[in-house]
file start-v5.tsv (TSV, C-alpha atoms)
chain	number	residue	atom	x	y	z
A	1	MET	CA	86.50	-40.11	64.86
A	2	GLN	CA	87.93	-39.69	68.32
A	3	ALA	CA	85.32	-37.02	68.97
A	4	ALA	CA	82.62	-39.68	69.14
A	5	SER	CA	83.45	-40.02	72.81
A	6	TYR	CA	82.31	-36.51	73.68
A	7	THR	CA	80.06	-36.29	76.67
A	8	PRO	CA	76.59	-34.76	76.36
A	9	GLU	CA	77.91	-31.69	78.19
A	10	GLU	CA	80.71	-31.26	75.66
A	11	LEU	CA	78.30	-31.69	72.78
A	12	ALA	CA	76.03	-29.10	74.35
A	13	ARG	CA	78.99	-26.76	74.56
A	14	TYR	CA	79.72	-27.28	70.88
A	15	GLU	CA	76.08	-26.55	70.04
A	16	ALA	CA	76.30	-23.35	72.07
A	17	ILE	CA	79.40	-22.25	70.16
A	18	VAL	CA	77.57	-22.91	66.89
A	19	GLN	CA	74.56	-20.93	68.04
A	20	ARG	CA	76.71	-18.03	69.12
A	21	TYR	CA	79.15	-17.72	66.24
A	22	ALA	CA	77.80	-19.50	63.17
A	23	ARG	CA	75.97	-16.54	61.67
A	24	HIS	CA	78.99	-14.26	62.01
A	25	VAL	CA	81.34	-16.89	60.63
A	26	TYR	CA	79.03	-17.49	57.69
A	27	ASN	CA	78.59	-13.78	57.04
A	28	ILE	CA	82.33	-13.14	57.01
A	29	ALA	CA	82.90	-16.16	54.77
A	30	TYR	CA	80.14	-15.01	52.44
A	31	ARG	CA	81.41	-11.44	52.20
A	32	MET	CA	84.94	-12.71	51.58
A	33	ALA	CA	84.12	-15.44	49.06
A	34	GLY	CA	81.13	-13.71	47.47
A	35	ASN	CA	79.11	-16.88	46.95
A	36	GLU	CA	77.01	-19.26	49.00
A	37	ALA	CA	78.80	-22.53	48.16
A	38	ASP	CA	82.24	-21.32	49.23
A	39	ALA	CA	80.81	-19.54	52.28
A	40	ARG	CA	79.17	-22.78	53.38
A	41	ASP	CA	82.29	-24.88	52.83
A	42	LEU	CA	84.52	-22.40	54.65
A	43	SER	CA	82.17	-22.09	57.63
A	44	GLN	CA	81.61	-25.83	57.92
A	45	GLU	CA	85.33	-26.49	57.80
A	46	ALA	CA	85.91	-23.84	60.47
A	47	PHE	CA	83.37	-25.46	62.80
A	48	LEU	CA	84.76	-28.91	62.11
A	49	ARG	CA	88.04	-27.60	63.49
A	50	VAL	CA	86.28	-26.21	66.52
A	51	TYR	CA	84.64	-29.58	67.02
A	52	ARG	CA	87.91	-31.47	66.81
A	53	ALA	CA	89.58	-29.08	69.25
A	54	LEU	CA	86.60	-28.90	71.60
A	55	ARG	CA	88.45	-30.33	74.62
A	56	ARG	CA	91.17	-27.71	74.24
A	57	VAL	CA	88.67	-24.86	74.12
A	58	GLU	CA	88.22	-23.28	77.49
A	59	PRO	CA	84.53	-23.16	78.42
A	60	GLY	CA	83.18	-19.63	78.08
A	61	ALA	CA	86.36	-18.27	76.45
A	62	PRO	CA	85.72	-15.76	73.65
A	63	LEU	CA	86.43	-17.50	70.37
A	64	GLU	CA	85.96	-14.63	67.91
A	65	SER	CA	89.61	-14.04	67.11
A	66	TRP	CA	90.41	-17.72	66.77
A	67	LEU	CA	87.36	-18.56	64.69
A	68	TYR	CA	87.66	-15.60	62.33
A	69	ARG	CA	91.35	-16.27	61.87
A	70	ILE	CA	90.48	-19.85	60.89
A	71	VAL	CA	88.01	-18.53	58.32
A	72	SER	CA	90.53	-16.05	57.00
A	73	ASN	CA	93.23	-18.72	56.67
A	74	LEU	CA	90.82	-21.18	55.09
A	75	TYR	CA	89.83	-18.56	52.55
A	76	ILE	CA	93.47	-17.90	51.66
A	77	ASP	CA	94.01	-21.67	51.34
A	78	LEU	CA	90.98	-21.84	49.08
A	79	LEU	CA	92.43	-19.19	46.79
A	80	ARG	CA	95.75	-21.02	46.65
A	81	LYS	CA	94.05	-24.27	45.75
A	82	ARG	CA	92.41	-22.66	42.75
A	83	PRO	CA	95.26	-21.56	40.54
A	84	ARG	CA	93.13	-21.99	37.46
A	85	HIS	CA	90.73	-19.33	38.60
A	86	ARG	CA	93.28	-16.59	38.50
A	87	VAL	CA	92.49	-14.10	41.18
A	88	GLU	CA	92.91	-10.62	39.85
A	89	SER	CA	92.46	-7.60	41.95
A	90	LEU	CA	90.64	-4.90	40.06
A	91	ASP	CA	92.29	-2.13	42.03
A	92	VAL	CA	95.72	-3.10	40.69
A	93	PRO	CA	96.47	-1.41	37.35
A	94	LEU	CA	96.78	-3.71	34.37
A	95	GLU	CA	100.36	-3.92	33.08
A	96	THR	CA	100.65	-3.69	29.31
A	97	ALA	CA	103.49	-3.12	26.87
A	98	ARG	CA	102.40	0.50	26.54
A	99	GLY	CA	102.31	1.13	30.25
A	100	GLU	CA	99.76	0.75	33.00
A	101	LEU	CA	96.06	0.73	32.33
A	102	ALA	CA	93.44	1.39	34.96
A	103	ARG	CA	90.46	-0.98	34.81
A	104	GLU	CA	87.02	0.41	34.43
A	105	LEU	CA	84.12	-1.35	36.08
A	106	PRO	CA	80.70	-1.09	34.49
A	107	ASP	CA	78.71	1.71	35.98
A	108	ALA	CA	76.31	0.02	38.36
A	109	ALA	CA	74.12	3.09	38.45
A	110	ALA	CA	73.62	3.52	34.71
A	111	ASN	CA	69.96	3.06	35.49
A	112	PRO	CA	69.20	5.78	38.06
A	113	GLU	CA	66.17	3.99	39.49
A	114	ALA	CA	68.32	0.99	40.35
A	115	ILE	CA	70.16	3.08	42.92
A	116	PHE	CA	67.19	2.85	45.20
A	117	GLU	CA	66.74	-0.88	45.12
A	118	ARG	CA	68.15	-2.63	48.15
A	119	GLU	CA	69.10	-5.79	46.30
A	120	GLN	CA	70.88	-3.80	43.66
A	121	ILE	CA	72.84	-1.92	46.31
A	122	ASP	CA	73.81	-5.10	48.10
A	123	SER	CA	75.03	-6.85	45.00
A	124	THR	CA	76.94	-3.75	43.88
A	125	ILE	CA	78.65	-3.49	47.27
A	126	GLN	CA	79.45	-7.20	47.18
A	127	ARG	CA	80.98	-6.82	43.72
A	128	ALA	CA	82.98	-3.83	44.89
A	129	LEU	CA	84.25	-5.87	47.85
A	130	GLY	CA	85.14	-8.72	45.52
A	131	ALA	CA	87.18	-6.36	43.40
A	132	LEU	CA	89.48	-5.58	46.35
A	133	SER	CA	92.56	-7.67	47.01
A	134	GLU	CA	91.82	-10.26	49.70
A	135	GLU	CA	94.01	-8.41	52.22
A	136	LEU	CA	92.03	-5.20	51.86
A	137	ARG	CA	88.72	-7.05	51.67
A	138	MET	CA	89.32	-8.92	54.91
A	139	VAL	CA	90.05	-5.71	56.80
A	140	ALA	CA	87.03	-3.96	55.30
A	141	VAL	CA	84.72	-6.88	56.15
A	142	LEU	CA	85.97	-7.17	59.71
A	143	SER	CA	85.83	-3.44	60.35
A	144	ASP	CA	82.87	-2.06	58.45
A	145	ILE	CA	80.60	-5.11	58.26
A	146	GLU	CA	81.43	-6.95	61.48
A	147	GLY	CA	82.42	-3.85	63.47
A	148	PHE	CA	85.73	-4.98	64.99
A	149	SER	CA	88.22	-2.50	66.39
A	150	TYR	CA	91.65	-2.07	64.81
A	151	GLU	CA	93.24	-3.95	67.68
A	152	GLU	CA	90.85	-6.87	67.31
A	153	ILE	CA	91.48	-7.01	63.57
A	154	ALA	CA	95.23	-6.94	64.15
A	155	THR	CA	94.83	-9.92	66.52
A	156	ILE	CA	92.60	-11.84	64.13
A	157	LEU	CA	94.83	-11.32	61.11
A	158	HIS	CA	98.16	-11.41	62.96
A	159	VAL	CA	99.29	-8.11	61.46
A	160	PRO	CA	100.52	-4.89	63.11
A	161	LEU	CA	98.03	-2.20	64.07
A	162	GLY	CA	99.53	0.23	61.55
A	163	THR	CA	98.91	-2.29	58.77
A	164	VAL	CA	95.25	-2.53	59.71
A	165	LYS	CA	95.00	1.26	59.67
A	166	SER	CA	96.60	1.70	56.25
A	167	ARG	CA	94.79	-1.26	54.65
A	168	LEU	CA	91.42	-0.08	55.85
A	169	HIS	CA	92.00	3.46	54.60
A	170	ARG	CA	93.08	2.13	51.20
A	171	ALA	CA	90.10	-0.26	51.04
A	172	ARG	CA	87.63	2.53	51.79
A	173	GLN	CA	89.19	4.84	49.24
A	174	ILE	CA	88.79	2.19	46.55
A	175	LEU	CA	85.28	1.28	47.66
A	176	GLN	CA	84.07	4.87	47.66
A	177	GLU	CA	85.30	5.23	44.08
A	178	ARG	CA	83.49	2.05	43.05
A	179	LEU	CA	80.33	3.06	44.91
A	180	ARG	CA	80.44	6.70	43.97
A	181	PRO	CA	76.84	6.92	42.64
A	182	TYR	CA	75.51	5.47	45.87
A	183	VAL	CA	77.78	7.60	48.02
A	184	GLU	CA	76.68	10.73	46.16
A	185	ALA	CA	73.01	9.76	46.30
A	186	ARG	CA	73.28	9.24	50.05
A	187	ARG	CA	74.99	12.56	50.51
A	188	ARG	CA	72.17	14.28	48.65
A	189	GLY	CA	69.88	13.06	51.35
A	190	TRP	CA	68.61	9.78	50.01
A	191	GLU	CA	67.97	7.08	52.61
A	192	PRO	CA	67.14	3.49	51.62
B	1	MET	CA	99.33	19.90	66.72
B	2	ARG	CA	98.98	21.09	63.18
B	3	LEU	CA	98.94	18.40	60.47
B	4	ASN	CA	99.76	18.93	56.83
B	5	HIS	CA	97.17	18.07	54.19
B	6	HIS	CA	98.84	14.81	53.10
B	7	ARG	CA	99.24	13.45	56.63
B	8	ALA	CA	95.70	14.46	57.62
B	9	GLY	CA	94.33	12.73	54.52
B	10	HIS	CA	95.94	9.46	55.58
B	11	LEU	CA	94.45	9.68	59.05
B	12	LEU	CA	90.86	10.34	57.97
B	13	SER	CA	89.70	6.71	58.21
B	14	ALA	CA	91.25	6.18	61.63
B	15	TYR	CA	89.75	9.51	62.72
B	16	LEU	CA	86.36	8.36	61.49
B	17	ASP	CA	86.73	5.13	63.51
B	18	GLY	CA	87.89	6.92	66.67
B	19	GLU	CA	91.16	5.02	66.48
B	20	LEU	CA	93.54	8.00	66.69
B	21	SER	CA	95.45	9.22	69.71
B	22	PRO	CA	93.80	12.33	71.23
B	23	GLN	CA	96.67	14.39	69.87
B	24	ASP	CA	96.29	13.14	66.27
B	25	ALA	CA	92.52	13.40	66.49
B	26	ALA	CA	92.78	17.04	67.52
B	27	GLY	CA	95.20	17.68	64.65
B	28	VAL	CA	92.81	16.14	62.08
B	29	GLN	CA	89.87	18.03	63.51
B	30	GLU	CA	91.73	21.29	63.21
B	31	HIS	CA	92.76	20.49	59.64
B	32	LEU	CA	89.19	19.64	58.65
B	33	LEU	CA	88.04	23.12	59.70
B	34	ASP	CA	90.45	24.64	57.22
B	35	CYS	CA	90.41	22.13	54.33
B	36	ALA	CA	87.27	21.71	52.22
B	37	ALA	CA	88.83	18.88	50.16
B	38	CYS	CA	89.52	16.85	53.29
B	39	ARG	CA	86.03	17.54	54.62
B	40	GLU	CA	84.67	16.22	51.34
B	41	ALA	CA	86.93	13.15	51.48
B	42	TYR	CA	85.96	12.55	55.08
B	43	GLU	CA	82.25	12.66	54.23
B	44	ARG	CA	82.69	10.19	51.38
B	45	LEU	CA	84.59	7.77	53.63
B	46	ARG	CA	81.92	8.09	56.28
B	47	THR	CA	79.17	7.36	53.77
B	48	THR	CA	81.09	4.41	52.35
B	49	LYS	CA	81.50	2.95	55.81
B	50	ALA	CA	77.78	3.45	56.46
B	51	LEU	CA	76.84	1.67	53.19
B	52	LEU	CA	78.95	-1.35	54.13
B	53	GLY	CA	77.51	-1.38	57.64
B	54	GLU	CA	73.99	-1.50	56.24
B	55	LEU	CA	74.56	-4.70	54.30
B	56	PRO	CA	72.14	-7.27	55.68
B	57	PRO	CA	73.78	-10.34	57.23
B	58	ALA	CA	74.05	-13.13	54.67
B	59	GLU	CA	71.46	-15.75	55.58
B	60	PRO	CA	72.92	-19.27	55.71
B	61	PRO	CA	70.90	-21.94	53.85
B	62	ALA	CA	69.00	-24.54	55.90
B	63	GLU	CA	71.43	-27.34	55.06
B	64	PHE	CA	74.24	-25.27	56.57
B	65	TRP	CA	72.71	-25.63	60.03
B	66	ALA	CA	72.09	-29.33	59.52
B	67	ALA	CA	75.73	-29.85	58.54
B	68	LEU	CA	77.03	-28.03	61.61
B	69	ARG	CA	74.97	-30.04	64.06
B	70	ALA	CA	77.02	-32.72	65.84
B	71	PRO	CA	79.47	-33.77	63.11
B	72	GLN	CA	79.84	-37.25	64.70
B	73	ALA	CA	76.16	-38.12	64.52
B	74	PRO	CA	75.43	-40.70	61.78
B	75	PRO	CA	72.19	-39.05	60.53
B	76	ARG	CA	74.28	-36.17	59.19
B	77	ARG	CA	75.65	-38.28	56.37
B	78	ARG	CA	72.35	-39.98	55.66
B	79	THR	CA	69.63	-38.77	53.38
B	80	ALA	CA	67.07	-36.57	55.03
B	81	GLY	CA	64.12	-38.23	56.69
B	82	ARG	CA	65.85	-41.49	57.47
B	83	ALA	CA	65.52	-42.80	61.01
B	84	PRO	CA	68.64	-42.57	63.19
B	85	ALA	CA	68.51	-46.37	63.61
B	86	ALA	CA	69.13	-46.81	59.89
B	87	PRO	CA	72.87	-47.51	60.11
B	88	ASP	CA	72.28	-50.48	62.51
B	89	VAL	CA	69.72	-51.99	60.22
B	90	SER	CA	71.97	-51.79	57.21
B	91	ILE	CA	74.85	-53.39	59.11
B	92	TRP	CA	72.65	-56.35	60.10
B	93	ARG	CA	71.42	-56.71	56.55
B	94	GLY	CA	75.00	-57.17	55.48
B	95	LEU	CA	75.58	-59.81	58.12
B	96	THR	CA	72.34	-61.79	57.59
B	97	ILE	CA	74.07	-64.42	55.48
B	98	VAL	CA	76.31	-65.36	58.40
B	99	ARG	CA	73.25	-66.32	60.38
B	100	ARG	CA	72.36	-69.07	57.79
B	101	PRO	CA	75.58	-71.09	57.39
B	102	ALA	CA	74.05	-73.86	55.24
B	103	TRP	CA	72.93	-71.36	52.61
B	104	ALA	CA	76.24	-69.59	52.84
B	105	LEU	CA	78.16	-72.85	52.24
B	106	ALA	CA	75.91	-73.83	49.32
B	107	ALA	CA	76.38	-70.44	47.75
B	108	ILE	CA	80.16	-70.59	48.13
B	109	LEU	CA	80.31	-74.12	46.62
B	110	LEU	CA	78.18	-73.03	43.69
B	111	VAL	CA	80.47	-70.09	43.02
B	112	VAL	CA	83.57	-72.32	43.25
B	113	ALA	CA	82.03	-74.93	40.92
B	114	LEU	CA	81.04	-72.32	38.35
B	115	ALA	CA	84.50	-70.79	38.45
B	116	ALA	CA	86.35	-74.14	38.27
B	117	THR	CA	84.37	-75.81	35.45
B	118	PRO	CA	85.98	-73.95	32.54
B	119	LEU	CA	89.42	-74.43	34.08
B	120	ILE	CA	89.06	-78.21	34.40
B	121	LYS	CA	87.47	-78.58	31.00
B	122	GLY	CA	90.26	-76.55	29.44
B	123	THR	CA	92.92	-78.77	30.98
B	124	VAL	CA	91.21	-81.97	29.73
B	125	ASP	CA	90.94	-80.51	26.24
B	126	ARG	CA	94.60	-79.60	26.24
B	127	LEU	CA	95.59	-83.18	27.27
B	128	HIS	CA	93.48	-84.62	24.42
B	129	ALA	CA	95.06	-82.23	21.99
B	130	THR	CA	98.55	-83.32	23.08
B	131	GLU	CA	97.78	-87.02	22.43
B	132	ILE	CA	96.14	-86.44	19.09
B	133	GLY	CA	98.89	-84.07	18.10
B	134	VAL	CA	101.66	-86.68	18.50
B	135	ASP	CA	99.59	-89.33	16.77
B	136	LEU	CA	98.89	-87.08	13.82
B	137	TYR	CA	102.53	-86.10	13.55
B	138	VAL	CA	103.70	-89.71	13.44
B	139	ARG	CA	101.05	-90.65	10.84
B	140	GLU	CA	101.89	-87.71	8.64
B	141	HIS	CA	105.58	-88.43	8.96
B	142	ALA	CA	105.14	-92.13	8.16
B	143	ILE	CA	102.99	-91.42	5.12
B	144	GLN	CA	105.32	-88.81	3.71
B	145	MET	CA	108.70	-90.36	4.48
B	146	GLY	CA	108.10	-94.10	4.09
B	147	THR	CA	108.56	-95.87	0.75
B	148	GLY	CA	105.16	-97.39	1.32
B	149	PRO	CA	102.98	-97.09	4.35
B	150	LEU	CA	102.70	-100.83	4.76
B	151	ALA	CA	106.50	-101.28	4.64
B	152	ASP	CA	107.06	-98.71	7.37
B	153	ARG	CA	107.44	-100.30	10.74
B	154	ALA	CA	106.64	-97.17	12.62
B	155	TYR	CA	103.38	-96.76	10.78
B	156	LEU	CA	102.36	-100.36	11.13
B	157	GLY	CA	103.37	-100.32	14.77
B	158	LEU	CA	101.22	-97.34	15.26
B	159	VAL	CA	98.24	-98.92	13.56
B	160	ALA	CA	98.62	-102.29	15.22
B	161	THR	CA	99.86	-100.76	18.50
B	162	ASP	CA	102.71	-103.28	18.43
B	163	ALA	CA	106.20	-101.92	17.91
B	164	ASP	CA	107.73	-105.37	17.42
B	165	LEU	CA	105.94	-106.29	14.23
B	166	VAL	CA	107.84	-108.40	11.73
B	167	LEU	CA	107.34	-107.45	8.17
B	168	VAL	CA	106.79	-110.06	5.46
B	169	GLY	CA	110.08	-111.56	4.40
B	170	GLU	CA	112.00	-109.97	7.23
B	171	THR	CA	114.04	-112.05	9.66
B	172	PRO	CA	113.02	-111.56	13.25
B	173	ARG	CA	115.48	-109.47	15.24
B	174	ALA	CA	117.50	-111.16	17.92
B	175	GLY	CA	115.86	-111.14	21.32
B	176	ALA	CA	112.48	-110.32	19.90
B	177	ALA	CA	109.72	-112.64	20.84
B	178	GLY	CA	108.49	-114.16	17.68
B	179	PRO	CA	106.06	-116.86	16.69
call {"tool": "encode", "arguments": {"input": "start-v5.tsv", "output": "structure tokens"}}
result
Amino acid sequence: MQAASYTPEELARYEAIVQRYARHVYNIAYRMAGNEADARDLSQEAFLRVYRALRRVEPGAPLESWLYRIVSNLYIDLLRKRPRHRVESLDVPLETARGELARELPDAAANPEAIFEREQIDSTIQRALGALSEELRMVAVLSDIEGFSYEEIATILHVPLGTVKSRLHRARQILQERLRPYVEARRRGWEP
Amino acid sequence: MRLNHHRAGHLLSAYLDGELSPQDAAGVQEHLLDCAACREAYERLRTTKALLGELPPAEPPAEFWAALRAPQAPPRRRTAGRAPAAPDVSIWRGLTIVRRPAWALAAILLVVALAATPLIKGTVDRLHATEIGVDLYVREHAIQMGTGPLADRAYLGLVATDADLVLVGETPRAGAAGP
């Protein structure tokens, strides 16, 4: 690998980039893919690209947009490479000969006590995220989990600001329907 | 600016995120004072956003960090616990034979001999088979076709290995060396 000739300073710079961004990259990958194996592969591939391009990266330049765009593109590539695992968005109505059918997800809060368990909440939210189309999910992850502004999201995803706005609104509407028991419990004053 | 219910509903998320122009934000705020349904929708969106924001960061597994560290370093592809010098050692192990040429030559000769033996033996066997085959054919032919084996010159020639035999009572052919 040509990169074997990196100087100790360059390697130190790479290590610094890893230290600074790896957790965020992994978190985004995990929330997008919904499992540890894919999150790890996506993140490692993203940092391999950083490593290869290290000499072209300006020292000290903010890499968020670039890195998160890499993760986003890698995730889309991953979905394309897996045609057998048909990706179906649960918020899209099911087309049948007798018309459209809305899908019904199992009620996560059938057991009322489960509402108050942190792990249960996390896995329910993750499932609700996974039920979104990847376009909506990416915007929701970047905005509500990673806290990026609309403008930053537009830069990361290479889409217009208005698209970010409408996708995020749609994503939240779907999520609040999926998470209704938790949303209602919170509004009644429950805090985890 | 006064916003209608539909338009205000679409702007609720952006209002929640502080991403509206001051003019639109004022319009939504005004609408919220009048519209209980939009206040309800706004509260649900706000709570949904809060739930997502409270998700703990996914913790990467230990091997994730190991894989990210210096992709060019050989230890990354080795099994854990092996010394960084391991690759050098293994390379020299592979080259050890070159440092003992006599053994190397002997080994190569042995391999060549083992490989060649069946080939040579096969060729010799085939040559034998060719000789015997012709001989057998001539004998068979002589026995079957001749009036009597001992009157057949070809057969007698074959047996006595002399093609110029003179049979009893036969006149020697011209040019043939006779007694």
call {"tool": "atom_distance", "arguments": {"input": "start-v5.tsv", "atom1": "CA of Thr48 (chain B)", "atom2": "CA of Arg172 (chain A)"}}
result
6.8 Å
call {"tool": "closest_residue", "arguments": {"input": "start-v5.tsv", "among": "A:Leu11, A:Ala16, A:Ala171, A:Leu179", "to": "Arg52 (chain A)", "atoms": "all atoms listed in the file"}}
result
A:Leu11
call {"tool": "interface_residues", "arguments": {"input": "start-v5.tsv", "of": "chain B", "to": "chain A", "cutoff": "8 Å", "atoms": "only C-alpha atoms", "output": "PDB file with C-alpha atoms, in the frame of the given file"}}
result
ATOM      1  CA  HIS B  10      95.940   9.460  55.580  1.00  0.00           C
ATOM      2  CA  LEU B  12      90.860  10.340  57.970  1.00  0.00           C
ATOM      3  CA  SER B  13      89.700   6.710  58.210  1.00  0.00           C
ATOM      4  CA  ALA B  14      91.250   6.180  61.630  1.00  0.00           C
ATOM      5  CA  GLU B  19      91.160   5.020  66.480  1.00  0.00           C
ATOM      6  CA  ARG B  44      82.690  10.190  51.380  1.00  0.00           C
ATOM      7  CA  LEU B  45      84.590   7.770  53.630  1.00  0.00           C
ATOM      8  CA  THR B  47      79.170   7.360  53.770  1.00  0.00           C
ATOM      9  CA  THR B  48      81.090   4.410  52.350  1.00  0.00           C
ATOM     10  CA  LYS B  49      81.500   2.950  55.810  1.00  0.00           C
ATOM     11  CA  ALA B  50      77.780   3.450  56.460  1.00  0.00           C
ATOM     12  CA  LEU B  51      76.840   1.670  53.190  1.00  0.00           C
ATOM     13  CA  LEU B  52      78.950  -1.350  54.130  1.00  0.00           C
ATOM     14  CA  GLY B  53      77.510  -1.380  57.640  1.00  0.00           C
ATOM     15  CA  GLU B  54      73.990  -1.500  56.240  1.00  0.00           C
ATOM     16  CA  LEU B  55      74.560  -4.700  54.300  1.00  0.00           C
ATOM     17  CA  PRO B  57      73.780 -10.340  57.230  1.00  0.00           C
ATOM     18  CA  ALA B  58      74.050 -13.130  54.670  1.00  0.00           C
ATOM     19  CA  GLU B  59      71.460 -15.750  55.580  1.00  0.00           C
ATOM     20  CA  PRO B  60      72.920 -19.270  55.710  1.00  0.00           C
ATOM     21  CA  PHE B  64      74.240 -25.270  56.570  1.00  0.00           C
ATOM     22  CA  ALA B  67      75.730 -29.850  58.540  1.00  0.00           C
ATOM     23  CA  LEU B  68      77.030 -28.030  61.610  1.00  0.00           C
ATOM     24  CA  ARG B  69      74.970 -30.040  64.060  1.00  0.00           C
ATOM     25  CA  ALA B  70      77.020 -32.720  65.840  1.00  0.00           C
ATOM     26  CA  PRO B  71      79.470 -33.770  63.110  1.00  0.00           C
ATOM     27  CA  GLN B  72      79.840 -37.250  64.700  1.00  0.00           C
TER      28      GLN B  72
END
call {"tool": "atom_distance", "arguments": {"input": "start-v5.tsv", "atom1": "CA of Ala128 (chain A)", "atom2": "CA of Asp77 (chain A)"}}
result
21.9 Å
call {"tool": "atom_distance", "arguments": {"input": "start-v5.tsv", "atom1": "CA of Glu10 (chain A)", "atom2": "CA of Val57 (chain A)"}}
result
10.3 Å
call {"tool": "closest_residue", "arguments": {"input": "start-v5.tsv", "among": "A:Arg20, A:Arg80, A:Arg69, A:Arg56", "to": "Val159 (chain A)", "atoms": "only C-alpha atoms"}}
result
A:Arg69
